[in-house]
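start11.txt follows (compact mmCIF, C-alpha atoms):
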# COMPACT_ATOMS: atom_id res chain seq x y z
CA MET A 125 94.29 165.76 85.67
CA LYS A 126 90.90 165.52 84.04
CA ARG A 127 92.41 163.50 81.20
CA ARG A 128 93.93 161.08 83.69
CA GLN A 129 90.62 160.71 85.47
CA PHE A 130 88.90 160.13 82.15
CA LEU A 131 91.42 157.47 81.16
CA LYS A 132 91.10 155.87 84.58
CA GLY A 133 87.35 155.87 84.23
CA ALA A 134 87.58 154.52 80.70
CA GLY A 135 89.88 151.76 81.92
CA ALA A 136 87.45 150.84 84.66
CA ALA A 137 84.62 150.80 82.16
CA SER A 138 86.68 148.58 79.89
CA VAL A 139 87.37 146.13 82.71
CA ALA A 140 83.69 146.15 83.64
CA ALA A 141 82.73 145.54 80.03
CA GLY A 142 85.25 142.73 79.81
CA ALA A 143 83.86 141.17 82.96
CA MET A 144 80.36 141.48 81.50
CA VAL A 145 81.47 139.75 78.29
CA SER A 146 83.14 137.03 80.32
CA SER A 147 80.03 136.63 82.46
CA THR A 148 77.88 136.47 79.35
CA ALA A 149 80.17 133.85 77.83
CA GLN A 150 79.92 131.76 81.00
CA ALA A 151 76.13 132.10 81.05
CA ALA A 152 75.68 131.37 77.37
CA PRO A 153 78.46 129.08 76.09
CA GLU A 154 78.96 128.82 72.36
CA TYR A 155 79.11 125.02 72.53
CA LYS A 156 77.28 122.73 74.95
CA TRP A 157 78.85 119.30 74.94
CA LYS A 158 78.01 116.03 76.64
CA MET A 159 80.62 113.66 78.09
CA VAL A 160 79.53 110.05 78.70
CA THR A 161 81.69 107.83 80.89
CA THR A 162 82.13 104.19 81.78
CA TRP A 163 82.51 105.15 85.45
CA PRO A 164 79.91 105.58 88.18
CA LYS A 165 79.09 109.28 88.61
CA ASN A 166 81.65 111.12 90.76
CA PHE A 167 83.60 107.92 91.46
CA PRO A 168 86.97 108.79 93.09
CA GLY A 169 89.92 108.95 90.69
CA LEU A 170 88.21 107.88 87.47
CA GLY A 171 84.84 109.59 87.71
CA THR A 172 86.34 112.67 89.33
CA GLY A 173 89.00 112.62 86.62
CA ALA A 174 86.25 112.98 84.02
CA ASN A 175 84.72 115.82 86.06
CA TYR A 176 88.08 117.56 86.27
CA LEU A 177 88.57 117.35 82.53
CA ALA A 178 85.12 118.79 81.86
CA LYS A 179 85.81 121.66 84.25
CA LEU A 180 89.23 122.24 82.71
CA ILE A 181 87.79 122.49 79.19
CA GLY A 182 85.34 125.12 80.43
CA GLU A 183 88.03 127.13 82.18
CA MET A 184 90.62 126.93 79.40
CA THR A 185 88.10 128.01 76.76
CA GLY A 186 86.85 130.91 78.87
CA GLY A 187 83.42 129.32 79.11
CA ARG A 188 83.00 129.02 75.35
CA ILE A 189 82.62 125.25 75.72
CA GLN A 190 80.49 123.84 78.54
CA VAL A 191 80.73 120.10 79.17
CA LYS A 192 78.10 118.17 81.13
CA VAL A 193 79.31 114.82 82.49
CA TYR A 194 77.08 111.76 82.54
CA GLY A 195 78.07 108.76 84.66
CA ALA A 196 77.49 105.19 83.54
CA LYS A 197 73.80 104.49 82.80
CA GLU A 198 72.75 108.14 83.15
CA LEU A 199 72.56 108.69 79.39
CA VAL A 200 73.86 105.38 78.00
CA GLY A 201 75.25 102.20 79.49
CA ALA A 202 78.87 102.05 80.64
CA LEU A 203 79.96 99.92 77.69
CA GLU A 204 77.82 101.82 75.17
CA ILE A 205 79.75 105.10 75.26
CA PHE A 206 81.98 104.26 72.27
CA ASP A 207 78.97 103.92 69.97
CA ALA A 208 77.22 106.90 71.55
CA VAL A 209 80.09 109.26 70.75
CA SER A 210 80.68 107.67 67.36
CA ARG A 211 77.12 108.41 66.28
CA GLY A 212 77.06 111.88 67.87
CA THR A 213 74.76 111.28 70.83
CA ALA A 214 77.56 112.83 72.90
CA GLU A 215 80.67 114.74 71.89
CA LEU A 216 83.07 113.18 74.42
CA GLY A 217 83.59 109.73 75.92
CA HIS A 218 85.70 108.95 78.99
CA GLY A 219 86.75 105.34 79.51
CA ALA A 220 89.46 102.81 78.73
CA ALA A 221 90.36 101.59 75.25
CA TYR A 222 90.55 97.90 76.11
CA TYR A 223 86.77 97.85 76.52
CA TRP A 224 86.51 98.20 72.74
CA LYS A 225 88.25 94.97 71.74
CA GLY A 226 85.07 94.07 69.86
CA LYS A 227 85.59 97.15 67.67
CA SER A 228 89.32 96.62 67.11
CA ARG A 229 91.77 94.21 68.74
CA ALA A 230 94.40 96.92 68.47
CA ALA A 231 92.46 99.15 70.90
CA GLN A 232 93.64 97.03 73.83
CA PHE A 233 97.24 98.21 73.44
CA PHE A 234 96.24 101.79 74.23
CA THR A 235 95.14 101.00 77.78
CA SER A 236 97.63 98.46 79.05
CA VAL A 237 99.41 95.25 78.13
CA PRO A 238 100.39 92.53 80.63
CA PHE A 239 104.03 93.06 81.63
CA GLY A 240 104.02 96.03 79.26
CA LEU A 241 104.69 99.73 79.70
CA THR A 242 104.53 101.74 82.92
CA ALA A 243 102.65 105.05 83.05
CA GLN A 244 105.78 107.03 82.24
CA GLU A 245 106.60 104.70 79.36
CA MET A 246 103.03 104.75 78.01
CA ASN A 247 103.05 108.53 77.86
CA SER A 248 106.44 108.48 76.16
CA TRP A 249 105.26 105.97 73.55
CA LEU A 250 102.05 107.87 72.88
CA TYR A 251 103.52 111.37 72.71
CA HIS A 252 107.00 110.72 71.33
CA GLY A 253 107.09 107.15 70.04
CA GLY A 254 104.36 107.10 67.40
CA GLY A 255 101.68 105.57 69.62
CA MET A 256 99.20 108.44 69.35
CA GLU A 257 99.32 108.42 65.56
CA LEU A 258 98.52 104.70 65.60
CA TRP A 259 95.69 105.23 68.08
CA GLU A 260 94.19 107.88 65.82
CA GLU A 261 94.46 105.46 62.90
CA VAL A 262 92.61 102.76 64.85
CA TYR A 263 89.75 105.10 65.84
CA GLU A 264 89.49 106.89 62.47
CA PRO A 265 86.92 104.44 60.96
CA PHE A 266 84.59 105.18 63.88
CA GLY A 267 84.72 108.96 63.49
CA LEU A 268 86.55 109.37 66.80
CA VAL A 269 89.68 111.24 67.86
CA PRO A 270 91.38 109.63 70.90
CA GLY A 271 93.36 111.26 73.67
CA ALA A 272 95.18 109.98 76.76
CA ALA A 273 93.20 111.41 79.69
CA GLY A 274 94.73 109.81 82.77
CA ASN A 275 96.77 106.94 84.13
CA THR A 276 96.43 104.82 87.26
CA GLY A 277 100.07 103.77 87.44
CA VAL A 278 100.83 100.15 88.36
CA GLN A 279 97.60 98.55 89.56
CA MET A 280 96.98 95.88 92.17
CA GLY A 281 96.69 92.22 91.27
CA GLY A 282 93.16 91.91 92.57
CA TRP A 283 90.82 90.67 95.29
CA PHE A 284 90.47 86.94 95.94
CA ASN A 285 88.51 84.80 98.35
CA LYS A 286 91.19 82.12 98.33
CA GLU A 287 94.98 82.11 98.42
CA ILE A 288 96.90 81.95 95.16
CA ASN A 289 99.92 79.76 95.81
CA THR A 290 100.34 78.11 92.41
CA VAL A 291 99.09 78.70 88.88
CA SER A 292 96.69 75.78 89.35
CA ASP A 293 94.80 77.94 91.88
CA LEU A 294 93.66 80.06 88.92
CA GLU A 295 91.96 77.10 87.24
CA GLY A 296 88.19 77.47 87.18
CA LEU A 297 88.40 80.92 88.75
CA LYS A 298 85.71 83.36 87.57
CA MET A 299 87.40 86.74 87.71
CA ARG A 300 86.46 90.18 86.52
CA MET A 301 89.40 91.03 84.26
CA PRO A 302 89.10 92.85 80.92
CA GLY A 303 91.54 93.25 78.07
CA LEU A 304 94.58 91.16 77.33
CA GLY A 305 94.91 90.28 81.02
CA GLY A 306 91.60 88.44 80.74
CA GLU A 307 92.93 86.43 77.81
CA VAL A 308 95.96 85.44 79.90
CA LEU A 309 93.69 84.35 82.75
CA LYS A 310 91.76 82.20 80.28
CA ARG A 311 95.03 80.60 79.11
CA ALA A 312 95.80 79.81 82.77
CA GLY A 313 92.48 77.99 83.11
CA GLY A 314 90.35 80.76 84.58
CA THR A 315 87.23 82.45 83.24
CA PRO A 316 87.50 86.19 82.59
CA VAL A 317 84.33 88.23 83.08
CA LEU A 318 83.85 91.73 81.67
CA LEU A 319 81.91 93.94 84.06
CA PRO A 320 81.66 97.73 84.32
CA GLY A 321 82.73 99.26 87.61
CA GLY A 322 79.26 99.65 89.07
CA GLU A 323 78.56 95.90 88.84
CA ILE A 324 81.76 94.62 90.45
CA PHE A 325 80.93 94.76 94.16
CA PRO A 326 77.50 93.09 93.99
CA SER A 327 78.89 90.39 91.68
CA LEU A 328 81.77 89.63 94.04
CA GLN A 329 79.55 89.76 97.11
CA SER A 330 76.94 87.42 95.60
CA GLY A 331 79.50 84.90 94.36
CA ALA A 332 78.70 85.51 90.70
CA ILE A 333 82.47 86.02 90.37
CA ASP A 334 85.21 84.55 92.59
CA ALA A 335 87.71 87.37 92.26
CA THR A 336 88.14 90.77 90.69
CA GLU A 337 90.72 93.31 89.75
CA TRP A 338 89.73 96.95 89.62
CA VAL A 339 92.46 99.55 89.99
CA GLY A 340 94.27 100.06 93.27
CA PRO A 341 93.74 100.99 96.93
CA TYR A 342 92.37 104.49 96.31
CA ASN A 343 89.57 103.20 94.07
CA ASP A 344 89.14 99.80 95.69
CA LEU A 345 88.59 101.31 99.14
CA ALA A 346 85.86 103.56 97.73
CA PHE A 347 84.13 100.54 96.19
CA GLY A 348 84.25 98.69 99.52
CA LEU A 349 85.75 95.60 97.90
CA TYR A 350 87.33 94.63 101.24
CA LYS A 351 83.80 93.73 102.40
CA ALA A 352 83.50 91.03 99.75
CA ALA A 353 86.99 89.47 99.53
CA LYS A 354 89.74 88.64 102.00
CA TYR A 355 93.01 88.58 100.08
CA TYR A 356 94.49 91.56 98.22
CA TYR A 357 97.27 90.55 95.83
CA TYR A 358 100.03 92.53 94.14
CA PRO A 359 101.56 93.46 91.71
CA GLY A 360 99.11 94.20 88.91
CA TRP A 361 101.00 92.29 86.22
CA HIS A 362 98.05 92.72 83.86
CA GLU A 363 97.96 96.54 84.04
CA PRO A 364 101.35 98.11 84.81
CA GLY A 365 100.40 101.59 83.57
CA SER A 366 96.78 101.84 82.49
CA THR A 367 95.93 104.79 80.28
CA MET A 368 92.43 106.21 80.52
CA GLU A 369 91.03 107.84 77.43
CA CYS A 370 88.88 110.72 76.32
CA PHE A 371 87.71 110.31 72.74
CA ILE A 372 86.03 113.07 70.79
CA ASN A 373 83.45 112.92 68.04
CA LYS A 374 85.53 113.97 65.04
CA GLU A 375 82.81 116.06 63.39
CA ALA A 376 82.17 117.94 66.64
CA LEU A 377 85.87 118.62 67.08
CA GLU A 378 86.37 119.85 63.53
CA ALA A 379 83.33 122.13 63.85
CA LEU A 380 85.18 124.11 66.52
CA PRO A 381 87.38 127.11 65.68
CA GLU A 382 91.04 126.10 65.56
CA ASP A 383 91.89 127.74 68.90
CA LEU A 384 89.20 125.75 70.69
CA GLN A 385 90.34 122.52 69.05
CA VAL A 386 93.83 123.12 70.44
CA LEU A 387 92.47 123.97 73.89
CA VAL A 388 90.33 120.83 74.08
CA ARG A 389 93.28 118.61 73.13
CA THR A 390 95.53 120.45 75.58
CA ALA A 391 93.01 120.07 78.40
CA ILE A 392 92.95 116.31 77.81
CA ARG A 393 96.73 116.21 78.01
CA VAL A 394 96.74 118.19 81.28
CA ALA A 395 94.12 115.85 82.76
CA ASN A 396 96.28 112.89 81.78
CA GLN A 397 99.09 114.01 84.05
CA ASP A 398 96.79 115.14 86.85
CA MET A 399 95.13 111.74 87.29
CA LEU A 400 98.47 109.96 87.65
CA ALA A 401 99.50 112.47 90.31
CA ASP A 402 96.19 111.96 92.11
CA PHE A 403 96.59 108.17 92.28
CA THR A 404 100.24 108.40 93.31
CA ALA A 405 99.35 110.77 96.16
CA LYS A 406 96.45 108.73 97.53
CA ASN A 407 97.13 105.02 96.93
CA ASN A 408 99.40 104.26 99.85
CA ARG A 409 97.22 106.09 102.39
CA ALA A 410 94.28 104.01 101.20
CA LEU A 411 96.34 100.80 101.32
CA GLU A 412 97.31 101.46 104.95
CA GLN A 413 93.65 102.03 105.77
CA LEU A 414 92.64 98.76 104.10
CA VAL A 415 95.26 96.77 106.00
CA ASN A 416 95.18 98.53 109.38
CA ASP A 417 91.52 99.48 109.70
CA HIS A 418 89.78 96.74 107.73
CA GLY A 419 92.06 93.75 108.28
CA VAL A 420 92.76 93.08 104.62
CA GLU A 421 95.45 90.44 104.02
CA LEU A 422 98.01 91.91 101.63
CA ARG A 423 99.77 89.22 99.61
CA LYS A 424 102.41 89.19 96.89
CA PHE A 425 101.90 86.75 94.05
CA PRO A 426 104.51 83.97 94.38
CA ASP A 427 107.43 84.32 91.96
CA ASP A 428 106.55 80.97 90.34
CA VAL A 429 103.05 82.25 89.59
CA LEU A 430 104.35 85.52 88.13
CA ASN A 431 106.96 83.72 86.00
CA LYS A 432 104.34 81.36 84.55
CA ILE A 433 101.86 84.18 83.93
CA LYS A 434 104.55 86.20 82.17
CA ALA A 435 105.28 83.28 79.85
CA LEU A 436 101.57 82.91 79.11
CA SER A 437 101.27 86.67 78.58
CA ASP A 438 104.00 86.68 75.96
CA GLU A 439 102.16 83.92 74.08
CA VAL A 440 98.74 85.55 74.31
CA VAL A 441 99.86 89.03 73.28
CA ALA A 442 101.87 87.76 70.31
CA GLU A 443 98.97 85.58 69.13
CA GLU A 444 96.48 88.43 69.49
CA ALA A 445 98.74 90.70 67.48
CA SER A 446 98.99 88.20 64.64
CA LYS A 447 95.25 88.18 63.96
CA ASP A 448 95.11 91.30 61.80
CA GLU A 449 97.48 93.77 60.15
CA VAL A 450 96.47 96.82 62.18
CA THR A 451 97.00 95.08 65.52
CA LYS A 452 100.33 93.71 64.31
CA LYS A 453 101.41 97.22 63.34
CA VAL A 454 100.52 98.56 66.79
CA PHE A 455 102.13 95.57 68.51
CA ASP A 456 105.41 96.01 66.62
CA SER A 457 105.59 99.68 67.60
CA PHE A 458 104.72 98.89 71.22
CA VAL A 459 107.32 96.14 71.57
CA LYS A 460 110.06 98.18 69.92
CA PHE A 461 109.42 101.04 72.30
CA ARG A 462 109.18 98.74 75.34
CA ASP A 463 112.53 97.15 74.55
CA GLN A 464 114.38 100.45 74.30
CA ALA A 465 112.62 101.85 77.38
CA THR A 466 113.57 98.74 79.35
CA LYS A 467 117.24 99.16 78.45
CA TRP A 468 117.23 102.79 79.54
CA HIS A 469 115.38 102.12 82.79
CA GLN A 470 117.81 99.39 83.76
CA VAL A 471 120.42 102.12 84.22
CA SER A 472 118.02 104.84 85.38
CA GLU A 473 114.67 104.26 87.12
CA GLN A 474 115.17 100.61 88.06
CA ALA A 475 118.77 101.09 89.15
CA TYR A 476 117.81 104.07 91.28
CA LEU A 477 114.84 102.33 92.95
CA ASN A 478 117.02 99.31 93.74
CA ALA A 479 119.58 101.63 95.32
CA ARG A 480 116.96 103.58 97.28
CA ASN A 481 115.20 100.45 98.52
CA PRO A 482 117.84 97.69 98.62
CA LEU A 483 115.66 95.39 100.77
CA ALA A 484 112.43 95.92 98.85

Is it possible to express this structure as structure tokens?
Amino acid sequence: MKRRQFLKGAGAASVAAGAMVSSTAQAAPEYKWKMVTTWPKNFPGLGTGANYLAKLIGEMTGGRIQVKVYGAKELVGALEIFDAVSRGTAELGHGAAYYWKGKSRAAQFFTSVPFGLTAQEMNSWLYHGGGMELWEEVYEPFGLVPGAAGNTGVQMGGWFNKEINTVSDLEGLKMRMPGLGGEVLKRAGGTPVLLPGGEIFPSLQSGAIDATEWVGPYNDLAFGLYKAAKYYYYPGWHEPGSTMECFINKEALEALPEDLQVLVRTAIRVANQDMLADFTAKNNRALEQLVNDHGVELRKFPDDVLNKIKALSDEVVAEEASKDEVTKKVFDSFVKFRDQATKWHQVSEQAYLNARNPLA
């Protein structure tokens, strides 16, 4: 009996000691990391996605890594995070790869391509189609290790203060649109403008830009874009499955013990799936609020406009890919995967959705 009581007491002491160690680890992490983002602090979906990832890294590592998140302009500017992580000012960066076209044209393919891959297809290409290996190759010269850290799904076409009935309505249009979509807009006669999220609303409201795309109803409602534009167009031909990224300073990653390296990479992968689920759950509720409560006019791009934009997109993407060997290598992999995914989805996803919604 005494032995049992002793063992019970020893067990309790062990648990208490373990709790003390855990508490100590939480109070004094072995690694204190910074995460800089392109998003406004705590912005729904994207900013909160960065927060979730930081929290997840802390939890999965038992508090051994503590990550502090900095919104755009808190530590560095929104479009300065790539350089900040590359030089070691911060260990993690949370953004979108198409912002870094000036570093490498190939980077654009790892966010989204006009009329390209959906979220499901992007993840398949990255994880099982060679895309991640190519992404790592593109970021290697900058001392960065990339990871897919979220996806918005198919985005909206954007906010406009005039109707878009023909392609000619895009001529002279100043529109916030980054990446390859912006190049397509330029080919259609418009003027693409690259702005970080925090500058979109005031620019649209002041008339500095005539139109903007951002993400979709969940994010667009939070930004209040309905206060600055009347027409809300779909579908988002320019971003059919936009991957968000978390890139890591390579030296900082390799300085971690192997188990922590695995946990950080795994946390990024978990956050990737969580963001897509978040957007899927909340977009339609937000869309109904925009239309029913705020009087937004929801419009579908005319088929003639979409057909012309698709033709221009094919030209622009092919031309962009031909400008250097690395981009061509990424493009070839992307297109090969898209073609086989399209064939499969014609008899799976697309066929099912057509059967479920025959009048859609």

Exercise for the section: Could you check how far atom CA of Glu443 of chain A sits from atom CA of Gly340 of chain A, in Å to one decimal? Expected result: 28.5 Å

For the interface of segment 191-226 of chain A with segment 285-308 of chain A (cut-off 10 Å, counting only C-alpha atoms), please tabulate each contacting residue of segment 191-226 of chain A alongside its nearest pair of atoms and their separation in Å to one decimal, rows sorted by chain and increasing number, as a tab-separated table.
residue	atom	partner	partner_atom	distance
A:Ala220	CA	A:Gly303	CA	9.8
A:Ala221	CA	A:Gly303	CA	8.9
A:Tyr222	CA	A:Gly303	CA	5.1
A:Tyr223	CA	A:Gly303	CA	6.8
A:Trp224	CA	A:Gly303	CA	8.8
A:Lys225	CA	A:Gly303	CA	7.3

Practice task
Could you give me, as a VMD selection string, the residues within 9 Å of segment 374-388 of chain A, counting all atoms listed in the file and dropping anything in the same chain fewer than 2 positions from it?
Solution key: chain A and resid 155 180 to 181 184 to 185 188 to 189 210 212 215 264 266 to 269 371 to 372 390 to 393

Problem - Exercise: residues within 12 Å of coordinate (91.5, 97.5, 90.9), counting only C-alpha atoms, as a ChimeraX atom specification - result: /A:169-170,276-284,299-302,320-321,324-325,335-350,356-364,366,403,407,411

If you keep C-alpha atoms, can you produce a file of those selected residues as a CSV table (one decimal), in the coordinates of the input?
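New file part08.csv:
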chain,number,residue,atom,x,y,z
A,169,GLY,CA,89.9,109.0,90.7
A,170,LEU,CA,88.2,107.9,87.5
A,276,THR,CA,96.4,104.8,87.3
A,277,GLY,CA,100.1,103.8,87.4
A,278,VAL,CA,100.8,100.2,88.4
A,279,GLN,CA,97.6,98.6,89.6
A,280,MET,CA,97.0,95.9,92.2
A,281,GLY,CA,96.7,92.2,91.3
A,282,GLY,CA,93.2,91.9,92.6
A,283,TRP,CA,90.8,90.7,95.3
A,284,PHE,CA,90.5,86.9,95.9
A,299,MET,CA,87.4,86.7,87.7
A,300,ARG,CA,86.5,90.2,86.5
A,301,MET,CA,89.4,91.0,84.3
A,302,PRO,CA,89.1,92.8,80.9
A,320,PRO,CA,81.7,97.7,84.3
A,321,GLY,CA,82.7,99.3,87.6
A,324,ILE,CA,81.8,94.6,90.4
A,325,PHE,CA,80.9,94.8,94.2
A,335,ALA,CA,87.7,87.4,92.3
A,336,THR,CA,88.1,90.8,90.7
A,337,GLU,CA,90.7,93.3,89.8
A,338,TRP,CA,89.7,97.0,89.6
A,339,VAL,CA,92.5,99.6,90.0
A,340,GLY,CA,94.3,100.1,93.3
A,341,PRO,CA,93.7,101.0,96.9
A,342,TYR,CA,92.4,104.5,96.3
A,343,ASN,CA,89.6,103.2,94.1
A,344,ASP,CA,89.1,99.8,95.7
A,345,LEU,CA,88.6,101.3,99.1
A,346,ALA,CA,85.9,103.6,97.7
A,347,PHE,CA,84.1,100.5,96.2
A,348,GLY,CA,84.2,98.7,99.5
A,349,LEU,CA,85.8,95.6,97.9
A,350,TYR,CA,87.3,94.6,101.2
A,356,TYR,CA,94.5,91.6,98.2
A,357,TYR,CA,97.3,90.6,95.8
A,358,TYR,CA,100.0,92.5,94.1
A,359,PRO,CA,101.6,93.5,91.7
A,360,GLY,CA,99.1,94.2,88.9
A,361,TRP,CA,101.0,92.3,86.2
A,362,HIS,CA,98.0,92.7,83.9
A,363,GLU,CA,98.0,96.5,84.0
A,364,PRO,CA,101.4,98.1,84.8
A,366,SER,CA,96.8,101.8,82.5
A,403,PHE,CA,96.6,108.2,92.3
A,407,ASN,CA,97.1,105.0,96.9
A,411,LEU,CA,96.3,100.8,101.3

Exercise for the section: Might you pull out every residue within 9 Å of Val450 of chain A, with all atoms listed in the file counted and same-chain residues fewer than 5 positions away left off, and present them as a ChimeraX atom specification? Expected result: /A:228-230,258,261-262,445,455

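Computed from the coordinates, the atom CA of Ile333 of chain A to atom CA of Ala208 of chain A distance equals 28.6 Å.
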
Fill in the blank from the handout: Counting only C-alpha atoms, closest pick from A:Glu369, A:Asp456, A:Asp427, A:Glu449 relative to Gly271 of chain A is A:Glu369

Exercise for the section: Please indicate the distance in Å from atom CA of Lys424 of chain A to atom CA of Lys354 of chain A, rounded to one decimal place. Expected result: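 Between atom CA of Lys424 of chain A and atom CA of Lys354 of chain A the gap is 13.7 Å.
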